[in-house]
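**Student:** Starting off with a structure, shown below.
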Amino acid sequence: MVTASAERVPRVASQADVSASELDEIWKTKPGITGWLSTVDHKKIGLRYIVTAFAFLLLGGLEALVMRVQLAQPDQRWLTPEQYNQLYSTHGMTMIFLYAMPILSGFSNYLWPLILGARDMAFPRLNALSYWIYLAAGLFMYAGFAIGAGPNDGWFNYVPLASRTYNPGMNEDFYALGMIFLGVSTTVGAVNFIVTFLRTRAPGMSINRVPILTWGTLTASVANVLVVPAVSLTFFLLWMDRQIGTHFFDVSQGGQPLLWQHLFWMFGHPWVYAIVLPAMGMVSDGLPVFCRRPLVGYAPVALSTVATMMLGFGVWVHHMFATGLPNLALSFFSGASIIITVPSAVAVFAWTATIWLGRPVITTAFLYFASMIVLFTIGGVSGFMTASVPVDWQLTDTYFVVAHIHYVLIGINVFPVIGGLYLWFPKMTGRMLNERLGLWNFWITFIGFNLTFLPMHLTGLRGMPRRIYTYPPGMGWDELNLITTAGSFLLALGILLLLINVVRSLRNGAVAGPNPWDAGTLEWATPSPPPPYNFRVIPQVASRHPLWESRLQETDERSFVDYGMVLDHGRETAGTTPLDGEPDIILKMPEDSYAPFLVAVAASAGFCGLLLHVWWLAGAGLLGVALALVVWLWPERKLGQRVGLQHV
Amino acid sequence: MVSLTWGLLLISIGVVIVISLLVLGSVVVRGRRAAIATVPVERGASGLRWLWIGVGVSSIPLVVALVWTVSVLAAVSRPAGKPAVLIEITAAQWWWKARYLDPNPSRIFTTANEIHIPTGQPVQIRLRSADVIHSFWVPSLGGKTDTIPGQTNLTWLQADVPGTYRGQCTEFCGWQHAHMGLLVVAEAPAEFRLWEAAQIRPAPAPASPQIASGQDTFEYRCGACHTVRGSKAGGSVAPDLTHLMSRTTLAAATLPHTIGSLSGWIANPQAIKPGARMPAMEVSGPELERIRTYLQTLK
Amino acid sequence: MSDATLAYPPLPEGAVRRIGVGWWGLLCAVLTEGALFGYLLFSFLYYSVQLDPAWIPVRYPSLKLALPNTIILLLSSVCVWWGERGVREGRRGRQLLGIAAGLLLGMVFIGIQLKEWHDKPFSLRSGLFGSLFFTITGFHMAHVGAGVIALALILLWSALGYFDRRRNAPVLIAAMYWHFVDAVWLAVFTVLYLTPYLW
């Protein structure tokens with residue numbers, strides 16, 4: 001309907017009456033290198049994130065294996081102290097920043113529009129930018145490692161050891177600038193998730209009907225928006241002290257090392273929740289599929305996700321219990337760190353109850369989701385122990401903490417991610433992963449992981465400190481370290497089996513239809529893999545499990561999945577209100593664009609200039625970013641950003 | 001503090017066992033291998049009751065832990081009585097300087113890497129850092145406290161049983177963080193006073209021309225960094241060696257104190273602790289012999 | 001199967017005033033940049049509380065330039081708000097004048113602050129206070145600079161007739177950013193210039 005005003009009534013039709021090939025023409029990415037550099041398709045971007053993050057996982061894993069060879073026996077001198085320090089620091093940086101968050105961003109990027117019933121994220125070009133910058137920042141930081149100047153002061157590199165006086169090489173400059181660079185990717189990605197959650201859900205998808213994965217990623221994104229500036233700032237101040245001659249942490253001028261720790265951990269603690277809450281969401285959405293019933297306690301789980309993060313803002317000092325702060329402060333943060341277990345307990349019991357009260361079908365994905373509950377609990381209780389200040393005074397900076405962090409990171413991030421891979425691989429690729437190989441993969445990974453990290457609790461209780469490149473014999477650590485090393489190779493074998501499964505299934509896996517698991521949420525209503533436009537018609541949603549409605553009989557309202565808004569006047573999706581999901585706008589979505597790639601290239605040049613003190617290059621990079629942004633933001637008629645939108 | 005640790009550990013193990021049994025039980029009892037489409041989807045019981053029971057029950061150990069923690073924290077924060085000894089420990093890359101303080105200035109002395117304390121009495125320790133953040137920890141005697149440049153932290157120890165307790169640095173501080181140990185020797189108060197008196201005394205004057213020659217060589221080659229009270233060696237950036245022979249280890253609890261280790265260390269510390277602040281002195285043969293002979297008089 | 005109950009009212013195509021996604025995106029950006037300034041000011045206040053007052057080289061910071069400059073920035077926000085109202089009411093003259101005046105005052109702010117920087121007896125490298133002062137005001141200056149560029153572009157696009165009373169999201173978004181920059185200045189000014197009078 002042609003109209004002079006800025007409004008139109010969206011055409012509603014049955015899926016069969018909508019031309020798939022026309023929508024495909026509108027949404028598809030151009031082939032070849034042009035498409036590769038300019039695509040804004042969230043599915044392609046999500047897959048890139050996943051592949052890149054897995055590559056970093058493997059690199060980080062190899063770094064760990066090398067360290068474990070060194071530590072298998074006492075008094076080994078195979079690695080020099082500097083080599084060991086770079087390995088453990090790069091391992092931490094890789095796993096925590098280049099794997100743990102990006103893998104969840106990847107899954108969320110891929111899945112969100114599909115599970116929310118939209119055609120793309122709210123800001124498709126910003127999405128592309130967040131990936132390109134992640135890749136550039138990761139390469140930037142690894143360039144240091146590649147030339148023997150990798151970070152060498154741990155992933156939370158305390159001053160003054162990180163200052164130029166004690167660390168004159170370029171190691172910390174690669175790390176500091178790289179982290180600031182990466183922070184841009186994290187922030188813009190987080191903004192994209194927040195606005196997508198608030199504004200581009202399917203009509204009828206009120207806020208209490210969204211999958212828990214979105215609650216997890218949303219919570220993580222709000223946290224990131226608030227705390228990433230803390231870490232970017234503190235790394236910037238460090239870089240300034242090191243290279244510009246400022247005195248932020250200069251003890252001789254009154255600077256205080258504890259300021260670094262406060263700024264870092266104000267970011268660092270919320271960050272570790274941000275890298276597990278979306279994965280917990282994956283478990284909350286995945287377990288119901290295999291238990292053939294909705295999640296027990298949707299509302300408590302959603303609220304506990306938010307509560308965990310809010311409490312997570314108030315516990316950062318528990319990383320600083322041994323620094324000599326006054327008891328009153330320590331008691332407060334100790335209490336908060338103990339209380340934060342309560343919302344986590346909500347999730348653990350919700351999942352366990354879902355299994356008990358459902359009809360669980362044992363598949364590889366299910367095993368990963370179920371086993372993570374146990375690993376979560378082990379990681380949770382070791383955290384509970386260190387939350388108690390006097391106990392922490394014994395356990396902090398020992399291998400007990402190393403055990404804790406690996407149980408929470410591998411148990412609450414990696415295990416759900418692998419489970420999620422088994423669950424959503426068919427949707428992403430149109431092929432099933434092999435179940436038999438999957439069972440081998442699961443058991444070897446599970447046993448290998450526990451063999452590696454369970455003994456570490458004892459190693460820490462026996463007093464072995466962290467971050468030592470070797471240890472003397474006869475301390476009671478020898479056998480434990482040997483067992484841990486053996487376990488780590490078994491774990492590596494498990495991951496190798498996963499890789500083999502992925503590669504073989506991509507070629508020869510059983511072909512998957514739209515809904516091989518007979519699941520209930522919207523992504524399973526699309527073909528496998530989904531077409532560029534996701535949905536031929538925009539769904540109208542009436543419950544949490546639109547595809548299970550007839551069987552669950554929870555409500556008289558029915559969702560419409562095969563019938564809805566067509567929105568084919570160019571790239572369009574429905575915009576809806578934040579709470580109720582009432583449609584209030586037809587969002588005009590951008591075409592593919594080179595601008596995000598060019599911004600990332602210019603920004604890389606800028607950071608290289610700063611690193612090498614080539615100031616004209618830094619300036620040129622900044623100018624390049626500014627110009628690319630002006631082109632990007634120039635108001636377009638087609639997007640409705642200026643008057644004159646033409647109607648079809 | 002120790003019983004709190006074990007108490008929380010027991011609670012933790014208990015929780016893990018209970019949850020593991022619940023999860024394992026749910027999978028074993030309710031799980032099945034079947035084609036997924038053949039297993040019907042049903043709304044099922046709400047299950048909220050179990051959720052709240054679980055959360056409610058798990059909150060009990062949390063509250064217990066919280067109250068217990070705060071009371072133990074209050075108890076261990078201060079020495080049990082008036083401290084018998086006050087030691088100022090300055091951590092440096094990669095050794096520990098220990099200065100025994102006393103209101104009478106003539107009783108103040110400095111040693112390194114091995115401290116003696118009387119049994120049965122609290123010892124207060126003032127913690128400082130000469131360079132980066134380190135952490136002072138003697139596992140069997142207490143929790144750890146960081147040494148942070150620009151501030152002074154306080155901690156205290158008490159050993160009730162005589163013996164030698166090993167400590168180490170537990171905050172990553174650079175290349176030789178792994179080899180920054182220390183020894184705490186707890187002995188009966190009378191023996192402690194004897195040790196203290198011996199430490200206060202300066203090094204004896206050389207008893208023979210050989211030893212005098214050794215002292216000259218030592219002052220020339222080592223005195224810029226090391227101190228031996230009673231000689232002209234007055235450097236302050238390295239351990240005080242006035243009573244080197246009274247220590248059971250060398251190089252911050254890295255080496256046993258034998259003639260071989262001592263010689264090896266002096267000749268090439270970089271081979272043992274690469275990156276150590278003591279450079280390879282290129283001392284060998286007669287020169288090394290002279291220095292070592294002198295050092296062996298520093299009992 | 002066609003169902004007569006599924007029908008939607010007329011919906012705007014593309015952003016109309018604040019209905020859209022760009023507005024929310026900038027709201028998030030304001031949140032994150034606001035947090036950044038929060039951490040900068042936290043660092044300053046942390047040292048103020050921990051250190052002897054002697055750490056501030058000039059005991060009472062001069063308000064001779066800073067106070068009028070603050071008023072200039074506030075005025076620029078008023079002008080931008082006035083121009084924003086103009087675009088929402090479809091009054092192009094008012095829109096152009098308001099944005100232009102805000103832009104001009106913003107540039108004056110930058111000029112005066114550069115002079116103030118030049119006159120300071122301490123520098124970025126001279127000590128802890130200098131490092132903090134110039135970094136905090138420098139970050140703010142950078143944001144003002146970005147805002148000036150944004151306002152200049154809005155002015156250009158307004159002159160080219162891109163916006164009317166419904167299609168004007170970029171104007172509202174840029175205006176919100178400018179007000180944010182102003183609000184941050186009020187916080188920075190209070191902490192850096194006014195709190196020393198309280199210690």
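Every chain in the structure tokens takes a letter, A first, then B, and so on in the order presented; its residues are numbered from 1, and the ligands are numbered from 1 following the presented order.
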Give me the residues near region 135-151 of chain A as an MDAnalysis selection string, where near means some atom within 6 Å (using only C-alpha atoms) and where sequence neighbours in that chain fewer than 3 positions away do not count.

**Tutor:** chainID A and resid 86 89 132 171:172 174:175 178 181:182

**Student:** Find the residues around Gly214 (chain B) up to 7 Å (only C-alpha atoms counted), leave out those fewer than 6 positions away in its own chain, and share them as JSON, numbers by chain.

**Tutor:** {"B": [290, 291, 293, 294]}

**Student:** CA of Phe248 (chain A) to CA of Leu40 (chain C): how many Å, to one decimal?

**Tutor:**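 Between CA of Phe248 (chain A) and CA of Leu40 (chain C) the gap works out to 11.3 Å.
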
**Student:** Using only C-alpha atoms, which residue out of A:Pro465, A:Gly513, A:Gly621, A:Gly379 lies closest to chain B?

**Tutor:**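 Once distances to chain B are computed over only C-alpha atoms, the minimum belongs to A:Pro465.
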
**Student:** Using only C-alpha atoms, which residue out of A:Leu287, A:Val184, A:Val225, A:Met170 lies closest to chain C?

**Tutor:** A:Val225

**Student:** Extract the full set of helix (DSSP H, G or I) residues from region 29-168 of chain B according to DSSP on the backbone, and format it as an MDAnalysis selection string.

**Tutor:** chainID B and resid 29:30 36:38 48:77 105:107

**Student:** For chain B, list the residues within 6 Å of chain A, counting only C-alpha atoms, and write the list as a list in words.

**Tutor:**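 Matching residues, ligands excluded from the count: Thr5, Ser12, Ser20, Val23, Ser26, Gly31, Arg32, Arg33, Ala37, Val41, Glu42, Arg43, Gly47, Leu48, Leu51, Val55, Thr69, Leu73, Val132, Gly143, Lys144, Thr145, Asp146, Gly150, Asn153, Thr170, Trp175 and Ala178 of chain B.
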
**Student:** Do a neighbour search on region 205-217 of chain A at 6 Å with only C-alpha atoms, toss out local chain neighbours closer than 5 positions, and write the hits as a PyMOL selection string.

**Tutor:** chain A and resi 277-278+281-282+541+543-544+579-581

**Student:** Kindly determine which residues of chain A lie within 7 Å of chain C, considering only C-alpha atoms, and give the answer as JSON, numbers by chain.

**Tutor:** {"A": [6, 7, 8, 9, 10, 12, 14, 122, 191, 195, 199, 225, 226, 229, 230, 245, 246, 247, 248, 253, 254, 255, 584, 585, 586, 587, 588, 639, 640, 641, 642, 643]}

**Student:** Can you tell me which residues surround Glu196 (chain B) at a distance of at most 9 Å, considering only C-alpha atoms, apart from same-chain residues fewer than 3 positions away, and format the answer as number ranges by chain?

**Tutor:** B: 107, 109, 116, 191-193, 199-201

**Student:** Looking at only C-alpha atoms, which of C:Val58, C:Val188, C:Ile72, C:Leu65 is the one that sits closest to Phe139 (chain C)?

**Tutor:**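 Selected residue with least distance to Phe139 (chain C): C:Val188.
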
**Student:** Tell me, in Å to one decimal, how far CA of Pro139 (chain B) is from CA of Gln168 (chain B).

**Tutor:**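 Those two atoms sit 8.5 Å apart.
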
**Student:** Using only C-alpha atoms, which residues sit within 10 Å of Ile211 (chain B) once same-chain residues fewer than 2 positions away are excluded, as an mmCIF file with N, CA and C atoms, in the first residue's frame?

**Tutor:**
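That gives us out.cif:
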```cif
data_model
loop_
_atom_site.group_PDB
_atom_site.id
_atom_site.type_symbol
_atom_site.label_atom_id
_atom_site.label_comp_id
_atom_site.auth_asym_id
_atom_site.auth_seq_id
_atom_site.Cartn_x
_atom_site.Cartn_y
_atom_site.Cartn_z
ATOM 1 N N ALA B 205 86.459 -10.492 64.212
ATOM 2 C CA ALA B 205 87.589 -10.015 63.403
ATOM 3 C C ALA B 205 88.329 -11.222 62.834
ATOM 4 N N PRO B 206 88.959 -11.070 61.673
ATOM 5 C CA PRO B 206 89.655 -12.224 61.065
ATOM 6 C C PRO B 206 90.722 -12.785 61.996
ATOM 7 N N ALA B 207 90.711 -14.111 62.154
ATOM 8 C CA ALA B 207 91.623 -14.734 63.118
ATOM 9 C C ALA B 207 92.984 -15.057 62.508
ATOM 10 N N SER B 208 93.061 -14.963 61.175
ATOM 11 C CA SER B 208 94.354 -15.293 60.550
ATOM 12 C C SER B 208 94.527 -14.426 59.316
ATOM 13 N N PRO B 209 95.744 -14.347 58.794
ATOM 14 C CA PRO B 209 95.981 -13.526 57.589
ATOM 15 C C PRO B 209 95.170 -14.032 56.396
ATOM 16 N N SER B 213 92.643 -11.801 54.383
ATOM 17 C CA SER B 213 92.697 -11.626 52.925
ATOM 18 C C SER B 213 91.338 -11.954 52.314
ATOM 19 N N GLY B 214 90.689 -12.997 52.864
ATOM 20 C CA GLY B 214 89.345 -13.350 52.384
ATOM 21 C C GLY B 214 88.375 -12.223 52.616
ATOM 22 N N GLN B 215 88.484 -11.580 53.779
ATOM 23 C CA GLN B 215 87.580 -10.476 54.099
ATOM 24 C C GLN B 215 87.806 -9.325 53.126
ATOM 25 N N ASP B 216 89.090 -9.037 52.811
ATOM 26 C CA ASP B 216 89.367 -7.962 51.854
ATOM 27 C C ASP B 216 88.727 -8.263 50.500
ATOM 28 N N THR B 217 88.922 -9.503 50.052
ATOM 29 C CA THR B 217 88.350 -9.880 48.752
ATOM 30 C C THR B 217 86.824 -9.756 48.796
ATOM 31 N N ARG B 290 89.166 -17.982 48.729
ATOM 32 C CA ARG B 290 89.378 -16.980 49.784
ATOM 33 C C ARG B 290 88.039 -16.481 50.321
ATOM 34 N N ILE B 291 87.122 -16.165 49.401
ATOM 35 C CA ILE B 291 85.819 -15.644 49.837
ATOM 36 C C ILE B 291 85.091 -16.681 50.668
ATOM 37 N N ARG B 292 85.138 -17.903 50.191
ATOM 38 C CA ARG B 292 84.399 -18.946 50.893
ATOM 39 C C ARG B 292 84.979 -19.188 52.273
ATOM 40 N N THR B 293 86.310 -19.196 52.368
ATOM 41 C CA THR B 293 86.939 -19.391 53.675
ATOM 42 C C THR B 293 86.507 -18.305 54.634
ATOM 43 N N TYR B 294 86.436 -17.083 54.146
ATOM 44 C CA TYR B 294 85.998 -15.976 54.997
ATOM 45 C C TYR B 294 84.559 -16.178 55.430
ATOM 46 N N LEU B 295 83.706 -16.513 54.464
ATOM 47 C CA LEU B 295 82.285 -16.669 54.778
ATOM 48 C C LEU B 295 82.087 -17.747 55.829
ATOM 49 N N GLN B 296 82.935 -18.774 55.786
ATOM 50 C CA GLN B 296 82.750 -19.875 56.738
ATOM 51 C C GLN B 296 83.047 -19.464 58.168
ATOM 52 N N THR B 297 83.614 -18.254 58.363
ATOM 53 C CA THR B 297 83.824 -17.788 59.744
ATOM 54 C C THR B 297 82.609 -17.029 60.251
#
```

**Student:** What is the distance between CA of Leu73 (chain C) and CA of His179 (chain C), in Å to one decimal?

**Tutor:**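 Taking CA of Leu73 (chain C) as the start and CA of His179 (chain C) as the end point, the length is 9.5 Å.
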
**Student:** With a distance cut-off of 8 Å and only C-alpha atoms, select the neighbouring residues of region 41-53 of chain A, excluding the residue or stretch itself and same-chain residues fewer than 2 positions from it, and output the selection as a list of chain:residue names.

**Tutor:** A:Thr29, A:Thr39, A:Ala55, A:Phe56, A:Leu57, A:Leu98, A:Tyr99, A:Ala100, A:Pro102, A:Ile103, A:Ser105, A:Gly106, A:Phe107, A:Ser108, A:Asn109, A:Tyr110, A:Leu111, A:Asp120, A:Met121, A:Pro124, A:Asn127, A:Ala128, A:Tyr131, A:Leu135, A:Pro532

**Student:** Can you pull out every residue within 9 Å of Leu59 (chain A), counting only C-alpha atoms, but drop anything in the same chain fewer than 3 positions away, and send it as a list in words?

**Tutor:** Phe54, Ala55, Phe56, Leu62, Glu63, Ala64, His91, Thr94 and Met95 of chain A

**Student:** Next, write the just-selected residues to a file, as an mmCIF file, in the first residue's frame, keeping N, CA and C atoms as the atom set.

**Tutor:**
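And here is the file that came out, selection38.cif:
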```cif
data_model
loop_
_atom_site.group_PDB
_atom_site.id
_atom_site.type_symbol
_atom_site.label_atom_id
_atom_site.label_comp_id
_atom_site.auth_asym_id
_atom_site.auth_seq_id
_atom_site.Cartn_x
_atom_site.Cartn_y
_atom_site.Cartn_z
ATOM 1 N N PHE A 54 36.998 -21.285 18.973
ATOM 2 C CA PHE A 54 37.500 -22.651 19.126
ATOM 3 C C PHE A 54 38.977 -22.723 18.782
ATOM 4 N N ALA A 55 39.395 -21.972 17.766
ATOM 5 C CA ALA A 55 40.818 -21.959 17.419
ATOM 6 C C ALA A 55 41.636 -21.450 18.595
ATOM 7 N N PHE A 56 41.148 -20.397 19.263
ATOM 8 C CA PHE A 56 41.862 -19.884 20.427
ATOM 9 C C PHE A 56 41.821 -20.891 21.571
ATOM 10 N N LEU A 62 46.985 -25.968 24.000
ATOM 11 C CA LEU A 62 48.366 -26.391 23.718
ATOM 12 C C LEU A 62 49.326 -25.726 24.699
ATOM 13 N N GLU A 63 49.081 -24.432 24.957
ATOM 14 C CA GLU A 63 49.933 -23.738 25.938
ATOM 15 C C GLU A 63 49.884 -24.453 27.272
ATOM 16 N N ALA A 64 48.682 -24.886 27.660
ATOM 17 C CA ALA A 64 48.542 -25.582 28.937
ATOM 18 C C ALA A 64 49.281 -26.911 28.929
ATOM 19 N N HIS A 91 48.084 -18.255 28.153
ATOM 20 C CA HIS A 91 47.022 -19.244 28.348
ATOM 21 C C HIS A 91 45.823 -18.594 29.018
ATOM 22 N N THR A 94 44.190 -16.004 26.670
ATOM 23 C CA THR A 94 43.499 -16.648 25.558
ATOM 24 C C THR A 94 42.176 -17.231 26.011
ATOM 25 N N MET A 95 42.207 -17.990 27.095
ATOM 26 C CA MET A 95 40.997 -18.689 27.510
ATOM 27 C C MET A 95 39.938 -17.730 28.018
#
```
